[in-house]
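Chemist: My structure is in coords.cif, and what it holds is mmCIF, C-alpha atoms:
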```cif
data_final
loop_
_atom_site.label_atom_id
_atom_site.label_comp_id
_atom_site.auth_asym_id
_atom_site.auth_seq_id
_atom_site.Cartn_x
_atom_site.Cartn_y
_atom_site.Cartn_z
CA MET A 12 -91.55 104.46 -5.15
CA TRP A 13 -90.22 100.93 -4.79
CA LEU A 14 -92.17 100.58 -1.55
CA ILE A 15 -95.41 100.87 -3.54
CA LEU A 16 -94.17 98.30 -6.02
CA VAL A 17 -93.28 95.92 -3.21
CA GLN A 18 -96.76 96.41 -1.78
CA LYS A 19 -98.31 95.57 -5.18
CA VAL A 20 -96.21 92.43 -5.51
CA ALA A 21 -97.22 91.37 -2.01
CA GLU A 22 -100.89 91.92 -2.78
CA ASN A 23 -100.73 89.66 -5.81
CA ILE A 24 -98.31 87.13 -4.39
CA GLU A 25 -100.44 84.14 -5.37
CA ASN A 26 -99.88 84.97 -9.05
CA VAL A 27 -96.14 85.52 -8.77
CA GLU A 28 -94.05 82.74 -10.25
CA GLU A 29 -90.64 84.20 -9.64
CA PHE A 30 -89.14 87.30 -8.02
CA GLY A 31 -86.38 87.72 -10.57
CA ASP A 32 -83.26 89.55 -9.51
CA LEU A 33 -84.38 91.31 -6.34
CA PRO A 34 -81.79 92.61 -3.87
CA PRO A 35 -81.86 91.31 -0.27
CA PRO A 36 -83.41 94.47 1.29
CA VAL A 37 -86.43 94.20 -1.03
CA MET A 38 -86.73 90.49 -0.30
CA ARG A 39 -86.66 91.31 3.41
CA ARG A 40 -89.45 93.86 3.04
CA LEU A 41 -91.54 91.42 1.02
CA SER A 42 -91.02 88.81 3.71
CA GLN A 43 -92.17 91.29 6.37
CA ILE A 44 -95.37 92.10 4.50
CA LEU A 45 -96.17 88.49 3.65
CA SER A 46 -95.36 87.31 7.18
CA ARG A 47 -97.67 89.89 8.65
CA ARG A 48 -100.44 88.44 6.51
CA ARG A 49 -99.43 84.93 7.57
CA ALA A 50 -99.09 84.12 3.91
CA VAL A 51 -95.71 82.37 3.81
CA SER A 52 -96.70 78.86 2.76
CA SER A 53 -94.51 76.22 1.13
CA LYS A 54 -95.28 77.60 -2.30
CA ILE A 55 -94.42 81.17 -1.40
CA LEU A 56 -91.31 80.08 0.47
CA ASN A 57 -89.95 78.85 -2.89
CA LEU A 58 -89.80 82.43 -4.11
CA PHE A 59 -87.38 83.32 -1.32
CA LEU A 60 -84.96 80.42 -1.74
CA ARG A 61 -81.97 81.67 -3.72
CA ARG A 62 -78.75 79.78 -3.92
CA THR A 63 -76.75 82.99 -4.24
CA HIS A 64 -78.30 84.85 -1.32
CA LYS A 65 -76.55 84.69 1.99
CA GLU A 66 -79.42 85.56 4.29
CA LEU A 67 -82.99 84.46 4.75
CA ASN A 68 -85.56 86.25 6.90
CA ILE A 69 -89.00 84.74 7.35
CA TYR A 70 -90.91 86.44 10.14
CA ASP A 71 -93.76 83.95 10.36
CA CYS A 72 -93.07 80.31 9.57
CA ALA A 73 -96.35 79.05 11.04
CA ARG A 74 -97.71 77.90 7.68
CA MET A 75 -94.61 76.05 6.63
CA SER A 76 -94.75 72.29 6.75
CA THR A 77 -92.45 69.76 8.31
CA LEU A 78 -92.29 65.99 8.42
CA SER A 79 -90.72 63.75 10.99
CA PRO A 80 -87.95 61.55 9.68
CA LEU A 81 -88.10 57.78 9.84
CA LEU A 82 -85.27 56.22 11.70
CA VAL A 83 -83.97 53.04 10.13
CA THR A 84 -81.43 51.11 12.11
CA MET B 21 -78.48 54.49 11.80
CA ILE B 22 -79.74 56.13 8.66
CA LEU B 23 -81.85 59.21 8.68
CA ILE B 24 -84.51 59.10 6.02
CA ILE B 25 -86.55 62.19 5.45
CA PRO B 26 -89.69 61.13 3.65
CA GLY B 27 -90.64 63.51 0.86
CA LEU B 28 -87.80 65.98 1.26
CA GLU B 29 -89.49 68.35 -1.13
CA THR B 30 -92.33 68.86 1.30
CA ASP B 31 -90.21 69.54 4.35
CA ASP B 32 -89.75 73.28 4.17
CA TYR B 33 -86.99 73.66 6.73
CA HIS B 34 -84.83 71.07 5.03
CA ARG B 35 -85.58 72.70 1.73
CA ILE B 36 -84.30 76.06 3.00
CA LEU B 37 -81.09 74.51 4.26
CA ALA B 38 -80.60 72.37 1.16
CA MET B 39 -81.26 75.08 -1.38
CA MET B 40 -79.24 77.78 0.33
CA PRO B 41 -76.04 76.03 1.41
CA ASP B 42 -74.10 79.29 1.63
CA LEU B 43 -76.46 80.93 4.13
CA THR B 44 -74.67 83.11 6.65
CA LYS B 45 -77.76 84.51 8.33
CA LEU B 46 -80.85 82.47 9.14
CA ASN B 47 -83.68 84.44 10.70
CA LEU B 48 -86.88 82.45 11.20
CA ARG B 49 -89.74 83.30 13.53
CA PHE B 50 -92.61 81.12 14.77
CA VAL B 51 -90.73 77.93 14.03
CA THR B 52 -92.44 75.60 16.50
CA PRO B 53 -92.42 72.60 14.10
CA MET B 54 -88.63 72.71 13.86
CA LYS B 55 -87.20 69.56 15.41
CA ASP B 56 -83.80 68.12 16.22
CA HIS B 57 -83.21 66.49 12.85
CA ILE B 58 -83.39 69.83 11.09
CA PHE B 59 -80.63 71.16 13.34
CA TYR B 60 -78.52 68.05 12.75
CA TYR B 61 -78.96 68.57 9.02
CA MET B 62 -77.89 72.19 9.44
CA ILE B 63 -74.76 71.20 11.36
CA GLU B 64 -73.78 68.81 8.58
CA ASN B 65 -74.64 70.87 5.52
CA ASN B 66 -74.60 74.57 6.21
CA GLU B 67 -71.08 75.45 7.10
CA SER B 68 -71.28 79.20 6.84
CA ILE B 69 -74.13 80.09 9.20
CA ARG B 70 -72.93 82.82 11.50
CA ASP B 71 -76.14 84.54 12.53
CA LEU B 72 -78.88 82.38 13.94
CA HIS B 73 -82.13 84.06 14.96
CA LEU B 74 -84.96 81.72 15.90
CA ASP B 75 -88.26 82.40 17.60
CA SER B 76 -89.88 79.56 19.57
CA PRO B 77 -88.08 76.40 18.38
CA ASN B 78 -89.68 74.61 21.28
CA LEU B 79 -89.47 71.01 20.10
CA VAL B 80 -85.69 71.07 20.01
CA THR B 81 -84.17 69.12 22.88
CA ASP B 82 -81.36 70.22 25.18
CA GLU B 83 -79.17 67.46 23.80
CA CYS B 84 -79.57 68.91 20.32
CA TRP B 85 -78.88 72.48 21.45
CA ARG B 86 -75.65 71.34 23.05
CA GLN B 87 -74.57 69.60 19.86
CA VAL B 88 -75.39 72.71 17.86
CA PHE B 89 -73.26 74.89 20.10
CA THR B 90 -70.41 72.39 20.21
CA LYS B 91 -70.32 72.13 16.43
CA ILE B 92 -71.17 75.60 15.17
CA GLY B 93 -70.66 77.66 18.35
CA PRO B 94 -67.13 78.85 17.55
CA ARG B 95 -68.22 80.46 14.31
CA LEU B 96 -71.44 82.07 15.57
CA GLN B 97 -71.37 85.85 15.54
CA SER B 98 -74.89 86.46 16.66
CA LEU B 99 -77.48 84.33 18.39
CA LYS B 100 -81.00 85.44 19.14
CA LEU B 101 -83.55 83.12 20.72
CA TRP B 102 -87.05 83.97 21.82
CA ASN B 103 -89.83 82.06 23.58
CA LEU B 104 -88.30 78.81 24.76
CA ASN B 105 -89.94 76.99 27.62
CA ALA B 106 -89.66 73.26 26.95
CA ALA B 107 -85.86 73.08 26.69
CA PHE B 108 -82.74 75.24 26.91
CA ASP B 109 -81.71 75.12 30.55
CA ASP B 110 -78.76 76.51 32.49
CA ASP B 111 -76.48 73.62 31.48
CA THR B 112 -77.21 74.21 27.81
CA ALA B 113 -76.51 77.90 28.25
CA GLN B 114 -73.23 76.92 29.91
CA VAL B 115 -72.29 74.84 26.84
CA MET B 116 -73.28 77.79 24.67
CA CYS B 117 -71.00 80.17 26.55
CA GLU B 118 -68.08 77.74 26.49
CA ASN B 119 -68.29 77.22 22.74
CA CYS B 120 -69.45 80.53 21.30
CA THR B 121 -66.02 82.05 21.60
CA GLY B 122 -66.44 84.75 18.96
CA ILE B 123 -70.02 85.79 19.61
CA GLU B 124 -70.73 89.52 19.39
CA ARG B 125 -74.49 89.68 19.67
CA LEU B 126 -76.60 87.70 22.12
CA LYS B 127 -80.30 87.98 22.76
CA LEU B 128 -82.23 85.62 25.02
CA LYS B 129 -85.81 86.67 25.58
CA TYR B 130 -88.59 84.78 27.34
CA VAL B 131 -86.43 81.71 27.86
CA GLU B 132 -88.00 80.01 30.83
CA LYS B 133 -85.47 77.55 32.17
CA ILE B 134 -82.45 79.78 32.56
CA GLY B 135 -81.48 81.92 35.54
CA ASP B 136 -78.53 82.97 37.65
CA ALA B 137 -76.17 80.26 36.38
CA THR B 138 -76.68 81.46 32.81
CA LEU B 139 -75.97 85.04 33.81
CA THR B 140 -72.74 83.93 35.44
CA ALA B 141 -71.80 82.02 32.28
CA ILE B 142 -72.56 85.02 30.04
CA SER B 143 -70.03 87.08 31.97
CA SER B 144 -67.32 84.92 30.37
CA LEU B 145 -68.23 86.00 26.81
CA LYS B 146 -65.45 88.53 26.33
CA THR B 147 -66.29 89.29 22.69
CA LEU B 148 -69.87 90.40 23.30
CA LYS B 149 -70.83 93.84 22.04
CA TYR B 150 -74.61 93.65 22.06
CA LEU B 151 -76.43 92.00 24.94
CA SER B 152 -80.16 91.73 25.38
CA LEU B 153 -81.75 89.68 28.15
CA CYS B 154 -85.28 89.17 29.38
CA PHE B 155 -85.72 86.19 31.71
CA LEU B 156 -88.92 84.76 33.08
CA ARG B 157 -87.35 83.49 36.30
CA ASP B 158 -86.42 85.74 39.20
CA THR B 159 -82.71 86.32 39.39
CA GLU B 160 -80.30 87.65 41.98
CA PRO B 161 -78.68 91.05 41.41
CA GLU B 162 -75.08 89.83 41.79
CA PRO B 163 -74.65 87.84 38.53
CA LEU B 164 -75.72 90.90 36.53
CA LEU B 165 -73.10 92.95 38.35
CA GLN B 166 -70.57 90.31 37.38
CA ILE B 167 -71.59 90.61 33.71
CA ILE B 168 -71.21 94.39 33.75
CA SER B 169 -67.88 94.33 35.56
CA SER B 170 -66.33 91.68 33.31
CA ILE B 171 -67.68 92.54 29.84
CA GLY B 172 -69.32 95.95 30.33
CA SER B 173 -66.39 97.83 28.81
CA ASN B 174 -66.97 96.20 25.37
CA LEU B 175 -70.71 96.60 25.29
CA GLN B 176 -72.28 98.97 22.77
CA SER B 177 -75.81 97.93 23.46
CA LEU B 178 -77.27 96.73 26.75
CA SER B 179 -80.87 95.73 27.25
CA LEU B 180 -81.98 94.27 30.58
CA GLU B 181 -85.73 93.88 30.80
CA ASP B 182 -87.73 92.96 33.87
CA PHE B 183 -84.79 92.31 36.19
CA ASN B 184 -86.81 93.54 39.10
CA ASN B 185 -84.39 92.47 41.83
CA SER B 186 -81.60 94.67 40.53
CA ASP B 187 -80.81 97.69 42.61
CA ASP B 188 -78.67 100.82 42.54
CA ARG B 189 -75.48 98.77 42.42
CA LEU B 190 -76.30 97.84 38.82
CA LEU B 191 -76.52 101.51 37.82
CA GLN B 192 -73.29 102.25 39.65
CA SER B 193 -71.59 99.35 37.91
CA ILE B 194 -72.79 100.54 34.48
CA HIS B 195 -71.42 103.99 35.34
CA GLU B 196 -68.05 102.54 36.23
CA HIS B 197 -67.55 99.95 33.51
CA CYS B 198 -69.55 100.85 30.39
CA HIS B 199 -67.95 103.52 28.22
CA GLN B 200 -69.09 102.62 24.70
CA LEU B 201 -72.83 102.27 25.04
CA THR B 202 -75.12 103.73 22.39
CA LYS B 203 -78.27 101.91 23.47
CA LEU B 204 -79.44 101.32 27.02
CA ARG B 205 -82.65 99.65 28.08
CA LEU B 206 -83.52 99.02 31.73
CA THR B 207 -87.18 98.41 32.34
CA ASN B 208 -89.77 97.48 34.96
CA ASN B 209 -87.93 97.91 38.20
CA ASP B 210 -88.95 99.57 41.45
CA LEU B 211 -85.69 99.35 43.36
CA PHE B 212 -83.55 101.87 41.48
CA THR B 213 -83.59 105.26 43.19
CA ASP B 214 -83.78 108.56 41.38
CA SER B 215 -80.50 109.75 42.83
CA ALA B 216 -78.74 106.60 41.54
CA VAL B 217 -80.16 107.14 38.04
CA ALA B 218 -78.95 110.74 38.17
CA SER B 219 -75.46 109.69 39.29
CA LEU B 220 -75.34 107.13 36.45
CA PHE B 221 -75.51 109.98 33.94
CA ARG B 222 -73.57 112.70 35.79
CA ASN B 223 -69.85 112.66 34.89
CA TRP B 224 -70.27 109.43 32.90
CA SER B 225 -67.43 108.92 30.45
CA ASN B 226 -69.80 107.21 27.99
CA PRO B 227 -70.70 109.30 24.91
CA ALA B 228 -74.30 110.47 24.51
CA LEU B 229 -76.71 107.56 24.05
CA THR B 230 -78.89 107.35 20.95
CA TYR B 231 -81.49 104.90 22.24
CA VAL B 232 -82.84 104.94 25.78
CA ASP B 233 -85.71 102.86 27.10
CA PHE B 234 -86.46 103.26 30.81
CA HIS B 235 -90.14 102.43 30.81
CA GLY B 236 -91.65 101.24 34.04
CA LEU B 237 -88.95 102.55 36.40
CA ARG B 238 -91.25 103.73 39.16
CA ASP B 239 -92.52 102.93 42.62
CA VAL B 240 -95.39 100.45 42.75
CA ASP B 241 -97.59 101.10 45.75
CA MET B 242 -101.29 101.28 45.03
CA SER B 243 -102.05 103.05 48.31
CA ASN B 244 -99.47 105.78 47.67
CA PRO B 245 -99.50 106.77 44.00
CA ALA B 246 -97.21 109.75 44.56
CA GLY B 247 -94.43 107.44 45.71
CA PRO B 248 -92.12 107.74 48.72
CA PRO B 249 -90.50 111.09 49.66
CA GLU B 250 -87.15 109.85 48.35
CA PRO B 251 -88.12 109.31 44.66
CA VAL B 252 -87.87 105.81 43.24
CA GLY B 253 -87.21 104.92 39.61
CA LEU B 254 -86.60 107.49 36.91
CA ALA B 255 -87.92 110.69 38.48
CA SER B 256 -87.17 114.39 38.09
CA ASP B 257 -83.47 114.49 38.86
CA GLY B 258 -82.66 111.36 36.88
CA PHE B 259 -84.59 112.64 33.86
CA ILE B 260 -82.78 115.99 33.90
CA ALA B 261 -79.41 114.20 34.21
CA LEU B 262 -80.33 111.79 31.39
CA MET B 263 -81.22 114.58 28.98
CA GLU B 264 -78.18 116.67 29.95
CA HIS B 265 -75.97 113.68 29.18
CA SER B 266 -77.61 112.27 26.06
CA GLY B 267 -79.87 115.05 24.76
CA SER B 268 -77.50 116.06 21.98
CA ASN B 269 -77.59 112.64 20.31
CA ILE B 270 -80.70 110.88 21.49
CA GLU B 271 -82.96 109.48 18.75
CA SER B 272 -85.41 107.32 20.65
CA LEU B 273 -86.60 107.79 24.22
CA ASN B 274 -89.14 105.70 26.08
CA ILE B 275 -90.06 106.84 29.59
CA ALA B 276 -93.56 105.38 29.69
CA SER B 277 -94.92 104.90 33.22
CA CYS B 278 -92.06 106.84 34.84
CA ARG B 279 -94.75 108.81 36.59
CA HIS B 280 -92.68 110.48 39.30
CA ILE B 281 -91.17 112.97 36.85
CA SER B 282 -92.50 116.35 37.93
CA CYS B 283 -93.85 119.24 35.86
CA GLY B 284 -90.83 121.27 36.93
CA ALA B 285 -88.44 118.65 35.55
CA TYR B 286 -90.26 118.63 32.20
CA GLU B 287 -90.15 122.42 32.11
CA THR B 288 -86.41 122.37 32.81
CA VAL B 289 -85.68 119.71 30.20
CA PHE B 290 -87.91 121.23 27.52
CA ALA B 291 -87.16 124.89 28.30
CA GLU B 292 -87.15 127.63 25.67
CA ASN B 293 -83.43 127.40 24.96
CA LYS B 294 -83.21 123.59 24.74
CA GLN B 295 -83.13 121.60 21.50
CA TYR B 296 -82.96 117.85 20.93
CA PRO B 297 -82.17 117.83 17.22
CA HIS B 298 -82.12 114.05 16.66
CA LEU B 299 -85.01 112.87 18.82
CA LYS B 300 -87.40 111.04 16.48
CA GLU B 301 -89.48 108.85 18.77
CA LEU B 302 -90.69 109.78 22.22
CA ASP B 303 -92.99 107.75 24.46
CA ILE B 304 -94.22 109.51 27.62
CA SER B 305 -97.30 107.35 28.17
CA PHE B 306 -98.83 107.36 31.66
CA ASN B 307 -96.83 110.37 32.80
CA GLY B 308 -99.88 112.09 34.26
CA ASN B 309 -98.07 115.38 34.85
CA VAL B 310 -97.72 116.18 31.16
CA ASN B 311 -100.21 118.89 30.25
CA ASP B 312 -100.84 120.94 27.11
CA TYR B 313 -98.08 123.40 27.87
CA ILE B 314 -95.42 120.71 28.41
CA ALA B 315 -96.53 118.72 25.37
CA GLN B 316 -96.29 121.89 23.29
CA ARG B 317 -92.81 122.58 24.66
CA ILE B 318 -91.78 119.00 23.79
CA LEU B 319 -92.94 119.48 20.20
CA ALA B 320 -91.06 122.78 20.02
CA CYS B 321 -87.80 121.36 21.39
CA CYS B 322 -87.75 118.25 19.18
CA PRO B 323 -87.77 119.39 15.54
CA ALA B 324 -87.06 115.89 14.17
CA LEU B 325 -89.86 114.20 16.11
CA THR B 326 -91.98 111.80 14.04
CA LYS B 327 -93.75 109.71 16.69
CA PHE B 328 -95.08 111.04 19.99
CA VAL B 329 -96.84 108.47 22.19
CA VAL B 330 -99.04 109.86 24.97
CA PHE B 331 -101.34 107.08 26.19
CA GLY B 332 -102.83 107.95 29.57
CA CYS B 333 -101.69 111.59 29.55
CA PHE B 334 -105.17 112.90 30.28
CA LYS B 335 -104.11 116.49 30.80
CA ILE B 336 -103.33 116.80 27.10
CA GLN B 337 -106.51 118.34 25.73
CA ASP B 338 -105.58 120.76 23.00
CA LEU B 339 -102.41 120.38 20.99
CA LYS B 340 -100.99 122.05 17.91
CA VAL B 341 -99.05 119.35 16.10
CA PRO B 342 -96.42 120.17 13.48
CA ARG B 343 -96.85 118.43 10.15
CA GLY B 344 -95.05 115.09 10.01
CA VAL B 345 -95.54 114.21 13.69
CA VAL B 346 -97.81 111.31 14.59
CA VAL B 347 -99.43 111.72 18.01
CA VAL B 348 -100.59 108.37 19.39
CA GLY B 349 -102.92 107.76 22.30
CA THR B 350 -104.77 111.00 23.03
CA VAL B 351 -108.26 110.73 24.48
CA ARG B 352 -110.83 113.37 23.54
CA ALA B 353 -108.07 115.83 22.75
CA LYS B 354 -108.27 118.41 20.01
CA LEU B 355 -105.31 118.07 17.69
CA THR B 356 -104.64 120.84 15.22
CA VAL B 357 -102.26 120.04 12.39
CA GLU B 358 -100.95 123.17 10.73
CA GLY B 359 -104.30 124.83 10.26
CA ILE B 360 -106.32 121.66 9.65
CA LEU B 361 -108.75 120.93 12.47
CA GLN B 362 -109.01 117.28 13.42
CA GLU B 363 -111.21 115.77 16.08
CA THR B 364 -109.72 112.72 17.75
CA VAL B 365 -111.83 110.16 19.48
#
```
Show the structure stored in the file as structure tokens.

Modeler:
Amino acid sequence: MWLILVQKVAENIENVEEFGDLPPPVMRRLSQILSRRRAVSSKILNLFLRRTHKELNIYDCARMSTLSPLLVT
Amino acid sequence: MILIIPGLETDDYHRILAMMPDLTKLNLRFVTPMKDHIFYYMIENNESIRDLHLDSPNLVTDECWRQVFTKIGPRLQSLKLWNLNAAFDDDTAQVMCENCTGIERLKLKYVEKIGDATLTAISSLKTLKYLSLCFLRDTEPEPLLQIISSIGSNLQSLSLEDFNNSDDRLLQSIHEHCHQLTKLRLTNNDLFTDSAVASLFRNWSNPALTYVDFHGLRDVDMSNPAGPPEPVGLASDGFIALMEHSGSNIESLNIASCRHISCGAYETVFAENKQYPHLKELDISFNGNVNDYIAQRILACCPALTKFVVFGCFKIQDLKVPRGVVVVGTVRAKLTVEGILQETV
């Protein structure tokens, strides 16, 4: 049953503001589905960042952004 | 020197590391934009990372890798790296092996700049339990033998892909030194002989394996598709020995392209009185000898089967498939699922 719910959440990910109290296995499955769709952008990454969680799995980081640091000597 | 990261909130990798300071496992794939400064930040701020799994961090320099291993190596429990071709050479791997003193799980796949020296260094990792290697460079057979003889007795999982210079000595060494394996993958090799594969499994003190992947163990000679008289790769005798040894426990078996396995061997392994109660996934692609009768015997002997892959088995034309089994790769075959007639394309 929860697999269908996870699928529904993944389909409507753009409208999700917060995951709430999801356990790590569900977060992992969501990450798999969203990564397969190449949907993990900066905004969606926010949903996965939990101070209390001890693991993070993102299977496609291609849409995440990065900036080079400036070196000041 | 001060490191200023402009607009920290927009740098996603820093954000991950900053917002989850207690991370123990970091598993990120397709991370090409990751650069040195992110790793330096991780060294400084994330003191509990034990499992590091990264796919294609190609902009990270060797200097940075060495620092990472020197600083966090001793606490790493598992390290998995895929698709590195710009950096990560033998010297870096040496630093890794010197510092990762407690590592249990190591996977290095498609890492271009490492070779024999890395293999020799890996043989010093006494705590390893799970080892998975797939190099792009050609390697000599001896360093692998050294790995098996020095750490083989601890290994629970061994995956060696595309080591096509390895010969029967590797199989013999596995037979002698590995006694705790549950997963064994040896693929794409045309130097192993059938008799050596059979002797690996006969009288082996290792318990029955649950996961076996031997795809592509066959002779490669376009002008002689039947292979030499003395069979090469996983052929009839080796297959019978494998299933006698591990049949009771095996859950996943991949023997794709092992095309020297004869009809007789299949009939022996999947005879009327044989049962493989745990086998869930079976891949026998490009084993041209498998016909309707053998395929039907396979389905009868494997009650737990869920996935049956048969690409290139053109003799399978008409198959009665039990409900719950997915048959993948048939061409123009008629598949009947418990009374429902289905035409496959």

Chemist: Quick check: residues of chain B within 12 Å of chain A, all atoms listed in the file, returned as a VMD selection string.

Modeler: chain B and resid 21 to 58 60 to 61 66 to 77 79

Chemist: As a list in words, please: the residues near Phe234 of chain B (cut-off 6 Å, all atoms listed in the file, same-chain neighbours under 2 positions excluded).

Modeler: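 Those residues are Arg205, Leu206, Thr207, Asn274 and Ile275 of chain B.
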
Chemist: With the file shown as input, list the residues that the PyMOL selection byres ((chain B and resi 152) around 9) selects, as a list in words.

Modeler: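 Taken over the shown coordinates, the PyMOL selection byres ((chain B and resi 152) around 9) returns Lys100, Arg125, Leu126, Lys127, Leu128, Lys129, Tyr150, Leu151, Leu153, Cys154, Ser177, Leu178, Ser179, Leu180, Glu181 and Arg205 of chain B.
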
Chemist: Record the distance separating atom CA of Asn311 of chain B and atom CA of Ser256 of chain B, expressed in Å with one decimal.

Modeler: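 A separation of 15.9 Å between them.
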
Chemist: Report as a PDB file with C-alpha atoms, in the frame of the given file the full result of the PyMOL selection byres ((chain B and resi 310) around 12) when it is applied to this structure.

Modeler:
```
ATOM      1  CA  ALA B 276     -93.560 105.380  29.690  1.00  0.00           C
ATOM      2  CA  SER B 277     -94.920 104.900  33.220  1.00  0.00           C
ATOM      3  CA  CYS B 278     -92.060 106.840  34.840  1.00  0.00           C
ATOM      4  CA  ARG B 279     -94.750 108.810  36.590  1.00  0.00           C
ATOM      5  CA  HIS B 280     -92.680 110.480  39.300  1.00  0.00           C
ATOM      6  CA  ILE B 281     -91.170 112.970  36.850  1.00  0.00           C
ATOM      7  CA  SER B 282     -92.500 116.350  37.930  1.00  0.00           C
ATOM      8  CA  CYS B 283     -93.850 119.240  35.860  1.00  0.00           C
ATOM      9  CA  GLY B 284     -90.830 121.270  36.930  1.00  0.00           C
ATOM     10  CA  ALA B 285     -88.440 118.650  35.550  1.00  0.00           C
ATOM     11  CA  TYR B 286     -90.260 118.630  32.200  1.00  0.00           C
ATOM     12  CA  GLU B 287     -90.150 122.420  32.110  1.00  0.00           C
ATOM     13  CA  PHE B 290     -87.910 121.230  27.520  1.00  0.00           C
ATOM     14  CA  ASP B 303     -92.990 107.750  24.460  1.00  0.00           C
ATOM     15  CA  ILE B 304     -94.220 109.510  27.620  1.00  0.00           C
ATOM     16  CA  SER B 305     -97.300 107.350  28.170  1.00  0.00           C
ATOM     17  CA  PHE B 306     -98.830 107.360  31.660  1.00  0.00           C
ATOM     18  CA  ASN B 307     -96.830 110.370  32.800  1.00  0.00           C
ATOM     19  CA  GLY B 308     -99.880 112.090  34.260  1.00  0.00           C
ATOM     20  CA  ASN B 309     -98.070 115.380  34.850  1.00  0.00           C
ATOM     21  CA  ASN B 311    -100.210 118.890  30.250  1.00  0.00           C
ATOM     22  CA  ASP B 312    -100.840 120.940  27.110  1.00  0.00           C
ATOM     23  CA  TYR B 313     -98.080 123.400  27.870  1.00  0.00           C
ATOM     24  CA  ILE B 314     -95.420 120.710  28.410  1.00  0.00           C
ATOM     25  CA  ALA B 315     -96.530 118.720  25.370  1.00  0.00           C
ATOM     26  CA  GLN B 316     -96.290 121.890  23.290  1.00  0.00           C
ATOM     27  CA  ARG B 317     -92.810 122.580  24.660  1.00  0.00           C
ATOM     28  CA  ILE B 318     -91.780 119.000  23.790  1.00  0.00           C
ATOM     29  CA  VAL B 329     -96.840 108.470  22.190  1.00  0.00           C
ATOM     30  CA  VAL B 330     -99.040 109.860  24.970  1.00  0.00           C
ATOM     31  CA  PHE B 331    -101.340 107.080  26.190  1.00  0.00           C
ATOM     32  CA  GLY B 332    -102.830 107.950  29.570  1.00  0.00           C
ATOM     33  CA  CYS B 333    -101.690 111.590  29.550  1.00  0.00           C
ATOM     34  CA  PHE B 334    -105.170 112.900  30.280  1.00  0.00           C
ATOM     35  CA  LYS B 335    -104.110 116.490  30.800  1.00  0.00           C
ATOM     36  CA  ILE B 336    -103.330 116.800  27.100  1.00  0.00           C
ATOM     37  CA  GLN B 337    -106.510 118.340  25.730  1.00  0.00           C
ATOM     38  CA  LEU B 339    -102.410 120.380  20.990  1.00  0.00           C
ATOM     39  CA  THR B 350    -104.770 111.000  23.030  1.00  0.00           C
TER      40      THR B 350
END
```
